[in-house]
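Chemist: Contents of target.cif (mmCIF, C-alpha atoms) are given next:
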```
data_final
loop_
_atom_site.label_atom_id
_atom_site.label_comp_id
_atom_site.auth_asym_id
_atom_site.auth_seq_id
_atom_site.Cartn_x
_atom_site.Cartn_y
_atom_site.Cartn_z
CA MET O 1 -1.29 -95.62 -27.38
CA THR O 2 -3.25 -98.75 -26.93
CA ARG O 3 -6.32 -98.92 -24.79
CA THR O 4 -4.48 -100.85 -22.04
CA LYS O 5 -1.74 -98.23 -21.83
CA LYS O 6 -4.32 -95.45 -21.60
CA ILE O 7 -6.14 -97.24 -18.78
CA LEU O 8 -2.92 -97.90 -16.87
CA THR O 9 -1.77 -94.30 -17.34
CA THR O 10 -5.12 -92.98 -16.09
CA ILE O 11 -5.01 -95.25 -13.04
CA ALA O 12 -1.43 -94.17 -12.29
CA LEU O 13 -2.40 -90.48 -12.52
CA ILE O 14 -5.40 -91.01 -10.23
CA LEU O 15 -3.28 -92.84 -7.65
CA THR O 16 -0.61 -90.13 -7.81
CA ALA O 17 -3.20 -87.38 -7.29
CA ALA O 18 -4.77 -89.27 -4.39
CA ALA O 19 -1.39 -89.80 -2.71
CA ALA O 20 -0.46 -86.14 -3.16
CA SER O 21 -3.73 -84.93 -1.66
CA ALA O 22 -3.55 -87.35 1.29
CA SER O 23 0.08 -86.70 2.24
CA PRO O 24 -0.52 -83.42 4.18
CA ALA O 25 -3.23 -85.09 6.24
CA LEU O 26 -0.96 -88.01 7.03
CA ALA O 27 1.89 -85.70 8.03
CA ASP O 28 -0.25 -83.67 10.43
CA ASN O 29 -0.11 -85.16 13.91
CA SER O 30 -2.94 -83.61 15.88
CA MET O 31 -2.44 -85.63 19.07
CA PRO O 32 -1.59 -83.40 22.05
CA ALA O 33 1.47 -83.99 24.18
CA PRO O 34 0.86 -86.17 27.23
CA ALA O 35 0.27 -84.41 30.54
CA PRO O 36 3.04 -84.54 33.16
CA ASP O 37 2.70 -87.23 35.83
CA ASN O 38 2.22 -84.85 38.76
CA PRO O 39 1.29 -81.37 37.57
CA MET O 40 1.28 -78.69 40.25
CA LEU O 41 -1.60 -76.46 39.19
CA VAL O 42 -1.92 -74.46 42.41
CA ALA O 43 0.54 -73.26 45.03
CA PRO O 44 0.83 -75.37 48.19
CA LEU O 45 -1.20 -74.13 51.18
CA GLU O 46 1.69 -74.41 53.63
CA ASN O 47 5.14 -72.96 53.21
CA PRO O 48 7.74 -75.51 54.37
CA MET O 49 10.46 -72.81 54.58
CA PRO O 50 10.74 -71.16 58.03
#
```
Could I get this file's structure written as structure tokens?
Modeler:
Amino acid sequence: MTRTKKILTTIALILTAAAASASPALADNSMPAPAPDNPMLVAPLENPMP
């Protein structure tokens, strides 16, 4: 192989290894789900049912 082919092959292998190592991090979505608009965390103080 010529020197140019060796350099291009090495660069291609480095880029492939970098893409393979970065793909799990890109696939992981660590953002939590948004909170509901009006969460009811405690029971109401008054019971509207008679």
Chemist: State, in Å with one decimal place, the distance from atom CA of O:Ala22 to atom CA of O:Lys5.
Modeler: 25.6 Å
Chemist: If I take atom CA of O:Thr16 and atom CA of O:Thr2, how far is one from the other in Å, to one decimal?
Modeler: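 Taking atom CA of O:Thr16 and atom CA of O:Thr2, their separation equals 21.1 Å.
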Chemist: Rounded to one decimal, what separation in Å do you get between atom CA of O:Met1 and atom CA of O:Ala19?
Modeler: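 Between atom CA of O:Met1 and atom CA of O:Ala19 the gap is 25.3 Å.
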